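Engineer: What follows is my_file08.txt, made up of compact mmCIF, C-alpha atoms:
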# COMPACT_ATOMS: atom_id res chain seq x y z
CA MET A 1 33.92 12.49 38.45
CA SER A 2 33.04 15.12 35.86
CA ARG A 3 35.38 15.89 32.98
CA PRO A 4 37.11 19.30 32.73
CA ILE A 5 34.95 22.03 31.21
CA SER A 6 37.14 22.28 28.10
CA SER A 7 36.81 18.56 27.48
CA ARG A 8 33.04 18.65 27.89
CA LEU A 9 32.81 21.68 25.59
CA ILE A 10 34.83 19.97 22.87
CA GLY A 11 32.64 16.88 23.18
CA ALA A 12 29.46 18.95 22.94
CA VAL A 13 30.74 20.81 19.89
CA GLY A 14 31.76 17.53 18.28
CA GLY A 15 28.33 16.08 18.93
CA LEU A 16 26.68 19.15 17.45
CA ILE A 17 28.85 18.96 14.35
CA GLY A 18 27.95 15.29 14.00
CA LEU A 19 24.26 16.10 14.28
CA ILE A 20 24.51 18.86 11.69
CA SER A 21 26.51 16.62 9.39
CA GLY A 22 23.88 13.91 9.69
CA CYS A 23 21.13 16.34 8.83
CA ALA A 24 23.10 17.66 5.88
CA THR A 25 23.68 14.15 4.59
CA LEU A 26 19.94 13.45 4.62
CA SER A 27 18.97 16.74 3.02
CA ASP A 28 21.58 16.70 0.26
CA GLY A 29 20.38 13.33 -0.93
CA THR A 30 23.70 11.46 -0.47
CA SER A 31 22.28 8.98 2.05
CA SER A 32 19.09 7.01 1.49
CA ARG A 33 17.30 3.88 2.61
CA LEU A 34 17.49 2.90 -1.06
CA ASP A 35 21.27 2.51 -0.70
CA LEU A 36 20.76 0.18 2.25
CA VAL A 37 18.24 -1.94 0.36
CA GLN A 38 20.55 -2.22 -2.63
CA SER A 39 23.62 -3.08 -0.56
CA ARG A 40 21.59 -5.65 1.41
CA GLY A 41 20.19 -7.09 -1.81
CA GLU A 42 16.79 -7.56 -0.25
CA LEU A 43 13.68 -5.52 0.54
CA LEU A 44 12.03 -5.64 3.96
CA CYS A 45 8.34 -5.11 3.26
CA GLY A 46 5.62 -4.65 5.88
CA VAL A 47 2.27 -6.27 5.04
CA SER A 48 -0.84 -7.43 6.84
CA GLY A 49 -0.72 -11.07 5.83
CA LYS A 50 -4.35 -11.55 6.83
CA ILE A 51 -6.34 -9.87 4.06
CA PRO A 52 -7.20 -12.13 1.08
CA GLY A 53 -6.76 -10.30 -2.19
CA PHE A 54 -4.27 -7.82 -0.68
CA SER A 55 -1.78 -9.72 1.48
CA PHE A 56 -2.45 -13.23 2.64
CA LEU A 57 -0.31 -16.20 3.64
CA SER A 58 -1.41 -19.25 1.64
CA PRO A 59 -1.51 -22.77 3.12
CA GLU A 60 1.73 -23.38 1.18
CA GLY A 61 3.38 -20.59 3.15
CA ARG A 62 3.60 -18.03 0.32
CA TYR A 63 2.38 -14.46 0.53
CA ALA A 64 0.05 -13.29 -2.23
CA GLY A 65 -2.15 -10.30 -3.03
CA LEU A 66 -2.09 -6.82 -4.52
CA ASP A 67 0.00 -5.37 -1.67
CA VAL A 68 2.42 -8.29 -1.96
CA ASP A 69 2.86 -7.72 -5.70
CA ILE A 70 3.68 -4.07 -4.96
CA CYS A 71 6.51 -5.35 -2.72
CA LYS A 72 7.67 -7.63 -5.54
CA ALA A 73 7.61 -4.78 -8.06
CA MET A 74 9.75 -2.65 -5.75
CA ALA A 75 12.25 -5.47 -5.21
CA ALA A 76 12.49 -6.04 -8.96
CA ALA A 77 13.27 -2.36 -9.49
CA PHE A 78 15.55 -1.84 -6.47
CA VAL A 79 17.63 -5.05 -6.48
CA GLY A 80 16.70 -6.71 -9.78
CA ASP A 81 14.91 -9.72 -8.28
CA SER A 82 11.25 -9.80 -7.20
CA ALA A 83 11.94 -12.83 -4.99
CA LYS A 84 14.33 -10.85 -2.79
CA VAL A 85 11.68 -9.75 -0.30
CA GLN A 86 11.31 -10.44 3.39
CA TYR A 87 7.67 -10.00 4.38
CA ARG A 88 6.97 -8.71 7.86
CA PRO A 89 3.34 -9.20 8.98
CA LEU A 90 2.24 -6.19 11.01
CA THR A 91 -0.90 -5.14 12.85
CA ALA A 92 -2.28 -1.66 12.24
CA PRO A 93 -0.83 -0.23 15.49
CA GLU A 94 2.60 -1.75 14.72
CA ARG A 95 3.05 -0.59 11.14
CA PHE A 96 4.26 3.01 11.58
CA THR A 97 6.64 2.13 14.41
CA ALA A 98 8.13 -0.63 12.26
CA LEU A 99 8.73 1.87 9.46
CA ARG A 100 10.21 4.58 11.68
CA SER A 101 12.46 2.14 13.55
CA GLY A 102 13.89 0.69 10.35
CA GLU A 103 12.42 -2.77 10.90
CA ILE A 104 11.00 -2.44 7.37
CA ASP A 105 12.02 -0.45 4.30
CA LEU A 106 8.55 -0.16 2.79
CA LEU A 107 5.02 -0.36 4.13
CA SER A 108 2.58 -2.01 1.71
CA ARG A 109 -0.30 -2.71 4.03
CA ASN A 110 -3.66 -1.26 2.90
CA THR A 111 -2.74 2.07 4.49
CA THR A 112 -4.81 5.20 3.91
CA HIS A 113 -2.96 8.33 2.80
CA THR A 114 -4.02 11.14 5.15
CA LEU A 115 -2.68 14.57 6.11
CA SER A 116 -1.82 13.48 9.65
CA ARG A 117 0.18 10.51 8.42
CA ASP A 118 1.90 12.46 5.66
CA ALA A 119 2.81 15.66 7.52
CA ALA A 120 6.12 16.14 9.33
CA GLY A 121 4.10 17.12 12.40
CA GLY A 122 2.22 13.83 12.24
CA ASN A 123 3.63 10.41 11.33
CA GLY A 124 6.04 12.01 8.84
CA LEU A 125 5.61 9.41 6.09
CA SER A 126 6.09 9.74 2.34
CA PHE A 127 3.25 8.08 0.46
CA ALA A 128 3.55 6.64 -3.02
CA PRO A 129 0.69 7.06 -5.51
CA THR A 130 -2.57 5.38 -4.58
CA VAL A 131 -2.70 1.71 -5.58
CA PHE A 132 -6.34 1.14 -4.52
CA HIS A 133 -9.09 3.73 -4.19
CA ASP A 134 -11.42 2.50 -1.47
CA GLY A 135 -14.03 3.72 0.99
CA GLN A 136 -15.10 2.62 4.45
CA GLY A 137 -18.28 0.61 4.79
CA LEU A 138 -20.39 -1.44 7.18
CA MET A 139 -21.25 -5.13 6.96
CA VAL A 140 -24.23 -6.75 8.69
CA SER A 141 -25.94 -10.09 8.59
CA VAL A 142 -28.88 -10.36 6.20
CA GLY A 143 -31.13 -11.54 9.06
CA SER A 144 -30.31 -8.54 11.28
CA GLY A 145 -32.92 -6.33 9.64
CA VAL A 146 -30.34 -3.54 9.33
CA ARG A 147 -30.62 -1.82 5.96
CA SER A 148 -28.72 1.42 6.54
CA MET A 149 -26.40 3.15 8.97
CA ALA A 150 -29.38 4.75 10.72
CA ASP A 151 -30.60 1.29 11.73
CA LEU A 152 -27.40 0.82 13.75
CA SER A 153 -28.27 3.62 16.18
CA GLY A 154 -27.50 2.50 19.72
CA LYS A 155 -25.89 -0.77 18.59
CA ALA A 156 -22.38 -2.18 18.97
CA ILE A 157 -19.98 -2.03 16.03
CA CYS A 158 -16.73 -4.00 15.76
CA VAL A 159 -13.78 -1.87 14.60
CA GLY A 160 -9.99 -2.01 14.43
CA SER A 161 -8.22 0.24 16.93
CA GLY A 162 -5.45 2.67 16.02
CA THR A 163 -6.74 3.17 12.49
CA THR A 164 -8.46 5.86 10.47
CA THR A 165 -11.36 3.39 10.43
CA GLU A 166 -12.02 4.06 14.10
CA GLN A 167 -11.97 7.83 13.62
CA ASN A 168 -14.13 7.70 10.48
CA LEU A 169 -16.72 5.62 12.28
CA ASN A 170 -16.92 8.13 15.10
CA ASP A 171 -17.04 11.10 12.69
CA ALA A 172 -19.81 9.57 10.54
CA PHE A 173 -22.06 8.60 13.44
CA ALA A 174 -21.48 11.87 15.29
CA ALA A 175 -22.35 13.85 12.15
CA GLN A 176 -25.76 12.16 12.05
CA GLY A 177 -26.28 12.22 15.83
CA LEU A 178 -26.30 8.44 16.06
CA PRO A 179 -25.09 6.83 19.30
CA TYR A 180 -23.18 3.55 19.07
CA THR A 181 -20.79 1.39 21.08
CA PRO A 182 -17.39 0.66 19.52
CA ILE A 183 -15.97 -2.82 20.20
CA LYS A 184 -12.26 -2.42 19.46
CA TYR A 185 -9.79 -5.04 18.26
CA GLN A 186 -6.12 -5.00 17.26
CA ASP A 187 -6.46 -6.45 13.75
CA LEU A 188 -8.99 -7.41 11.11
CA ASN A 189 -9.09 -11.09 12.06
CA GLN A 190 -10.14 -10.14 15.59
CA VAL A 191 -12.74 -7.74 14.21
CA VAL A 192 -14.14 -10.53 12.04
CA GLY A 193 -14.11 -12.95 14.97
CA GLY A 194 -16.02 -10.53 17.19
CA TYR A 195 -18.58 -9.92 14.44
CA LEU A 196 -19.15 -13.61 13.71
CA GLN A 197 -19.44 -14.36 17.43
CA GLY A 198 -22.28 -11.84 17.66
CA ARG A 199 -20.47 -9.33 19.86
CA CYS A 200 -21.58 -6.53 17.56
CA ALA A 201 -24.40 -5.82 15.13
CA ALA A 202 -22.00 -4.73 12.39
CA MET A 203 -18.33 -4.64 11.53
CA THR A 204 -16.66 -1.74 9.77
CA SER A 205 -13.56 -1.53 7.63
CA ASP A 206 -12.62 -0.50 4.10
CA ARG A 207 -15.15 -1.95 1.70
CA SER A 208 -12.39 -3.97 0.05
CA GLN A 209 -11.50 -5.56 3.39
CA LEU A 210 -15.14 -6.32 4.10
CA ALA A 211 -15.44 -8.10 0.74
CA SER A 212 -12.17 -9.92 1.44
CA ALA A 213 -13.31 -11.04 4.88
CA ARG A 214 -16.74 -12.11 3.61
CA SER A 215 -15.15 -14.36 0.99
CA GLY A 216 -13.87 -16.59 3.80
CA PHE A 217 -17.18 -16.86 5.67
CA LYS A 218 -19.01 -20.19 5.79
CA ASP A 219 -22.10 -18.55 4.21
CA PRO A 220 -20.94 -15.35 2.47
CA GLN A 221 -24.38 -14.72 1.00
CA GLN A 222 -25.79 -14.28 4.51
CA HIS A 223 -23.83 -11.03 4.95
CA VAL A 224 -24.32 -7.75 3.14
CA ILE A 225 -22.20 -4.61 2.78
CA LEU A 226 -24.45 -1.57 3.27
CA GLU A 227 -24.62 1.15 0.64
CA ASP A 228 -23.48 3.78 3.16
CA ARG A 229 -19.93 4.97 2.44
CA LEU A 230 -18.32 6.47 5.53
CA SER A 231 -15.15 7.85 3.96
CA LYS A 232 -12.76 7.93 1.04
CA GLU A 233 -9.74 5.69 1.53
CA PRO A 234 -6.87 6.10 -0.94
CA LEU A 235 -4.63 3.16 -0.04
CA ALA A 236 -0.94 3.58 -0.84
CA PRO A 237 2.52 2.23 0.00
CA ALA A 238 4.65 4.43 2.25
CA VAL A 239 8.27 5.02 3.23
CA VAL A 240 9.85 7.17 5.93
CA GLY A 241 9.56 10.90 5.20
CA GLY A 242 12.57 13.06 4.45
CA ASP A 243 14.21 10.49 2.18
CA GLN A 244 13.75 12.00 -1.28
CA ARG A 245 15.55 9.27 -3.19
CA MET A 246 13.63 6.40 -1.60
CA ALA A 247 10.35 8.24 -2.08
CA ASP A 248 11.13 9.05 -5.73
CA ALA A 249 12.04 5.47 -6.55
CA THR A 250 8.91 4.14 -4.86
CA ASN A 251 6.65 6.66 -6.59
CA TRP A 252 7.90 5.92 -10.08
CA VAL A 253 7.68 2.16 -9.70
CA VAL A 254 3.96 2.57 -9.01
CA TYR A 255 3.65 4.97 -11.94
CA ALA A 256 5.48 2.45 -14.14
CA LEU A 257 2.81 -0.17 -13.39
CA ILE A 258 0.07 2.26 -14.41
CA GLU A 259 1.92 3.57 -17.48
CA ALA A 260 2.54 0.02 -18.65
CA GLU A 261 -1.19 -0.68 -18.60
CA GLU A 262 -1.88 2.59 -20.39
CA ARG A 263 0.55 1.49 -23.11
CA GLY A 264 -0.85 -2.05 -23.26
CA ILE A 265 2.46 -3.59 -22.17
CA THR A 266 2.01 -6.90 -20.35
CA GLN A 267 4.15 -9.74 -19.07
CA ALA A 268 3.21 -11.72 -22.16
CA ASN A 269 4.11 -9.11 -24.79
CA LEU A 270 6.94 -7.32 -22.99
CA ASP A 271 9.76 -8.91 -24.97
CA ASP A 272 8.06 -8.18 -28.29
CA VAL A 273 7.44 -4.55 -27.35
CA LEU A 274 11.02 -4.20 -26.14
CA GLU A 275 12.34 -5.69 -29.37
CA ARG A 276 10.30 -3.21 -31.42
CA ALA A 277 11.50 -0.31 -29.29
CA VAL A 278 15.14 -1.30 -29.77
CA ALA A 279 14.66 -1.61 -33.53
CA ASP A 280 12.75 1.66 -34.04
CA PRO A 281 14.58 4.87 -33.02
CA SER A 282 11.45 6.89 -33.83
CA GLN A 283 9.69 5.46 -30.74
CA ALA A 284 11.39 7.97 -28.44
CA ALA A 285 8.86 7.94 -25.60
CA LEU A 286 8.63 4.15 -25.54
CA ARG A 287 12.41 3.79 -25.64
CA ARG A 288 12.76 6.15 -22.66
CA PHE A 289 10.08 4.27 -20.73
CA LEU A 290 11.73 0.90 -21.26
CA GLY A 291 15.25 2.20 -20.71
CA VAL A 292 16.48 1.62 -24.23
CA ASP A 293 17.54 5.24 -24.26
CA GLY A 294 19.05 5.63 -20.80
CA GLY A 295 18.88 8.36 -18.23
CA LEU A 296 15.55 8.12 -16.42
CA GLY A 297 16.49 5.23 -14.16
CA ALA A 298 19.75 6.89 -13.19
CA LYS A 299 17.82 9.92 -11.95
CA LEU A 300 16.13 7.61 -9.43
CA GLY A 301 19.19 5.61 -8.44
CA LEU A 302 17.81 2.64 -10.38
CA PRO A 303 18.92 0.77 -13.51
CA ASP A 304 17.63 2.40 -16.69
CA ASP A 305 15.67 -0.78 -17.50
CA PHE A 306 13.91 -0.86 -14.10
CA VAL A 307 10.52 -0.69 -15.81
CA VAL A 308 11.32 -3.84 -17.80
CA GLN A 309 12.30 -5.62 -14.58
CA VAL A 310 9.08 -4.55 -12.89
CA ILE A 311 6.74 -5.62 -15.72
CA ARG A 312 8.58 -8.91 -16.14
CA ALA A 313 8.11 -9.63 -12.43
CA THR A 314 4.48 -8.64 -11.86
CA GLY A 315 2.87 -7.46 -15.07
CA ASN A 316 1.16 -4.07 -15.28
CA TYR A 317 -1.26 -2.59 -12.75
CA GLY A 318 -4.30 -4.11 -14.47
CA GLU A 319 -2.72 -7.55 -14.45
CA ILE A 320 -1.97 -7.28 -10.73
CA TYR A 321 -5.53 -6.12 -10.03
CA ASN A 322 -7.16 -8.87 -12.09
CA ARG A 323 -4.92 -11.54 -10.61
CA HIS A 324 -6.04 -10.83 -7.06
CA LEU A 325 -9.32 -8.90 -7.28
CA GLY A 326 -10.66 -9.58 -10.78
CA PRO A 327 -13.64 -11.73 -11.85
CA GLY A 328 -11.68 -14.98 -11.69
CA SER A 329 -10.14 -14.32 -8.28
CA ALA A 330 -11.24 -15.52 -4.84
CA VAL A 331 -12.04 -11.92 -3.84
CA THR A 332 -13.89 -10.18 -6.65
CA ILE A 333 -14.09 -6.39 -6.41
CA PRO A 334 -15.18 -4.36 -9.48
CA ARG A 335 -12.39 -1.99 -10.53
CA GLY A 336 -14.61 1.11 -10.40
CA PRO A 337 -12.38 4.10 -9.54
CA ASN A 338 -9.32 1.88 -9.95
CA ARG A 339 -9.75 1.83 -13.71
CA LEU A 340 -7.39 3.84 -15.87
CA GLY A 341 -8.11 7.54 -16.23
CA GLY A 342 -8.98 7.09 -19.90
CA GLU A 343 -11.61 4.53 -18.93
CA GLY A 344 -13.37 6.66 -16.32
CA GLY A 345 -11.19 5.72 -13.35
CA LEU A 346 -8.60 7.57 -11.27
CA MET A 347 -5.42 5.69 -12.17
CA ILE A 348 -3.10 7.87 -14.24
CA SER A 349 0.66 8.24 -14.61
CA PRO A 350 2.65 11.43 -15.21
CA PRO A 351 4.90 11.41 -18.30
CA PHE A 352 8.17 9.47 -18.24
CA THR A 353 10.29 12.31 -19.59
So, in terms of structure tokens, how does the structure I just supplied come out?

Structural biologist:
Amino acid sequence: MSRPISSRLIGAVGGLIGLISGCATLSDGTSSRLDLVQSRGELLCGVSGKIPGFSFLSPEGRYAGLDVDICKAMAAAFVGDSAKVQYRPLTAPERFTALRSGEIDLLSRNTTHTLSRDAAGGNGLSFAPTVFHDGQGLMVSVGSGVRSMADLSGKAICVGSGTTTEQNLNDAFAAQGLPYTPIKYQDLNQVVGGYLQGRCAAMTSDRSQLASARSGFKDPQQHVILEDRLSKEPLAPAVVGGDQRMADATNWVVYALIEAEERGITQANLDDVLERAVADPSQAALRRFLGVDGGLGAKLGLPDDFVVQVIRATGNYGEIYNRHLGPGSAVTIPRGPNRLGGEGGLMISPPFT
């Protein structure tokens, strides 16, 4: 039986008011995922878990890598403890759904910042600053005789589905009029498996992922990454769009890592630098950065000393990079564009004022 018209009208109006109120709450900045993270006391962070150097589950059952340290830095800033992270391993097709559905608070999974992913008419994400400047490449076996992309004309190429990698591959080959057959897989491990089983003449992914995958091969020296660069891939963490406070907090944690390296502040010297800042009122910029003179953290909904918590947990950006991708790491990738701006790279932080 239907309700009386007046009752249905009141219910509809009430629902509309609720909807408007919900929208107003989001737009006026009074409700944020950041509040949920802080009340929960734990960050839910989406990662790959299968990419050495970026996010990888060790035999001891611990996640490690550059993307993992970004999660730790965020947890240190948001809840004051870098260990308060639940890692959720996600495939490429799963990652955006997990973010939109609230399964995770933050996506730190070698994700390329693009217009379609950023725009409200696309995936509607808010990307943090780039944490790794990359580019898509192609890897082949040394004995294949392939020396360039042109040599792959008419051949099969293993690629991950549901990624910008798949689109870039198609765009690059179409632009040069080269036919090819894509062999699609759900994640990088499957792509690697198909490649090593000889199902394709080449595999494609970000050059960093190719180097990471090659490091685990039985004979890494028997595989070469071609010089051809198919795209630019600025990899960045992301949160759900429309949440200004969560986006701001995420952005400035990344900037804090970069600024700390610019200032030469490391895990090892942090306490000494902090002590000097406290003792010297003339160091205004440094005191603001470290939260000695308060105010900046509060603007983000974070403690004023959030930068100190972040550096103490992970070190600066350069330390994170060298730990997982530097010369002494299992996956060595020259910093190149990921050097600081003053050293010829692209990593730079806006002022903390």

Engineer: Of the candidates A:Ala330, A:Ile348, A:Val140, A:Asp35, which shows the shortest atom-to-atom distance to Val254 of chain A, using all atoms listed in the file?

Structural biologist: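 Ranked by minimum distance to Val254 of chain A, first place goes to A:Ile348.
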
Engineer: In Å to one decimal, how far is atom CA of Leu210 of chain A from atom CA of Lys155 of chain A?

Structural biologist: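 These atoms are spaced 18.9 Å apart.
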
Engineer: Each residue of segment 174-272 of chain A with at least one atom at most 8 Å from segment 126-134 of chain A should appear once, together with its nearest atom pair and the corresponding distance in Å (one decimal); atoms considered: all atoms listed in the file; ordering: chain, then increasing residue number; output as a tab-separated table.

Structural biologist:
residue	atom	partner	partner_atom	distance
A:Asp206	CA	A:Asp134	CA	6.4
A:Arg207	CA	A:Asp134	CA	6.6
A:Ser208	CA	A:Asp134	CA	6.7
A:Lys232	CA	A:Asp134	CA	6.1
A:Glu233	CA	A:Asp134	CA	4.7
A:Pro234	CA	A:His133	CA	4.6
A:Leu235	CA	A:Phe132	CA	5.2
A:Ala236	CA	A:Thr130	CA	4.5
A:Pro237	CA	A:Ala128	CA	5.4
A:Ala238	CA	A:Phe127	CA	4.3
A:Val239	CA	A:Ser126	CA	5.3
A:Val240	CA	A:Ser126	CA	5.8
A:Gly241	CA	A:Ser126	CA	4.6
A:Gly242	CA	A:Ser126	CA	7.6
A:Ala247	CA	A:Ser126	CA	6.3
A:Thr250	CA	A:Ala128	CA	6.2
A:Asn251	CA	A:Ala128	CA	4.7
A:Val254	CA	A:Pro129	CA	6.6
A:Tyr255	CA	A:Pro129	CA	7.4

Engineer: What separation in Å, quoted to one decimal, exists between atom CA of Ile183 of chain A and atom CA of Ile157 of chain A?

Structural biologist: 5.8 Å

Engineer: Would you give me, as CSV, each residue of segment 164-283 of chain A having an atom within 12 Å of an atom of segment 307-314 of chain A, along with its shortest atom pair and that distance in Å to one decimal, using all atoms listed in the file and sorting by chain and residue number?

Structural biologist:
residue,atom,partner,partner_atom,distance
A:Ala249,CA,A:Val307,CA,11.2
A:Thr250,CA,A:Val310,CA,11.8
A:Trp252,CA,A:Val307,CA,9.1
A:Val253,CA,A:Val307,CA,7.3
A:Val254,CA,A:Val310,CA,9.6
A:Tyr255,CA,A:Val307,CA,9.7
A:Ala256,CA,A:Val307,CA,6.2
A:Leu257,CA,A:Ile311,CA,7.1
A:Ile258,CA,A:Ile311,CA,10.4
A:Glu259,CA,A:Val307,CA,9.7
A:Ala260,CA,A:Ile311,CA,7.6
A:Glu261,CA,A:Ile311,CA,9.8
A:Arg263,CA,A:Ile311,CA,12.0
A:Gly264,CA,A:Ile311,CA,11.3
A:Ile265,CA,A:Ile311,CA,8.0
A:Thr266,CA,A:Ile311,CA,6.7
A:Gln267,CA,A:Arg312,CA,5.4
A:Ala268,CA,A:Arg312,CA,8.5
A:Asn269,CA,A:Arg312,CA,9.7
A:Leu270,CA,A:Arg312,CA,7.2
A:Asp271,CA,A:Arg312,CA,8.9
A:Asp272,CA,A:Val308,CA,11.8
A:Val273,CA,A:Val308,CA,10.3
A:Leu274,CA,A:Val308,CA,8.4
A:Glu275,CA,A:Val308,CA,11.8

Engineer: Using 9 Å as the limit and counting only C-alpha atoms, can you tabulate each residue of segment 317-348 of chain A that touches segment 54-70 of chain A, with its shortest atom-to-atom distance in Å and the two atoms involved, as JSON lines?

Structural biologist:
{"residue": "A:Ile320", "atom": "CA", "partner": "A:Leu66", "partner_atom": "CA", "distance": 6.2}
{"residue": "A:Tyr321", "atom": "CA", "partner": "A:Leu66", "partner_atom": "CA", "distance": 6.5}
{"residue": "A:Arg323", "atom": "CA", "partner": "A:Gly65", "partner_atom": "CA", "distance": 8.2}
{"residue": "A:His324", "atom": "CA", "partner": "A:Gly65", "partner_atom": "CA", "distance": 5.6}
{"residue": "A:Leu325", "atom": "CA", "partner": "A:Leu66", "partner_atom": "CA", "distance": 8.0}

Engineer: Can you measure atom CA of Gly137 of chain A to atom CA of Arg229 of chain A for me? One decimal in Å is fine.

Structural biologist: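 Atom CA of Gly137 of chain A sits 5.2 Å away from atom CA of Arg229 of chain A.
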
Engineer: I'd like the contact shell of Pro93 of chain A - 9 Å cut-off, all atoms listed in the file, skipping same-chain residues fewer than 3 positions apart - returned as a list in words.

Structural biologist: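 The residues that qualify are Leu90, Phe96, Thr97, Ser161, Gly162, Thr163, Gln186 and Asp187 of chain A.
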
Engineer: Could you check the closest approach to Asp304 of chain A for each of A:Ala213, A:Ser32, A:Lys218, A:Phe78 and tell me which residue wins, using all atoms listed in the file?

Structural biologist: A:Phe78

Engineer: Taking all atoms listed in the file into account, name the residue in A:Ala98, A:Leu138, A:Val79, A:Ala92 that is nearest to Glu227 of chain A.

Structural biologist: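 Looking only at the distances to Glu227 of chain A, the closest residue turns out to be A:Leu138.
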
Engineer: Ranking A:Pro220, A:Gly177, A:Pro337, A:Gly194 by minimum distance to Val159 of chain A and counting all atoms listed in the file, which one comes first?

Structural biologist: A:Gly194

Engineer: Measuring between only C-alpha atoms, which one of A:Phe352, A:Tyr317, A:Leu302, A:Arg88 shows the shortest distance to Arg339 of chain A?

Structural biologist: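 Among the listed residues, the smallest separation from Arg339 of chain A belongs to A:Tyr317.
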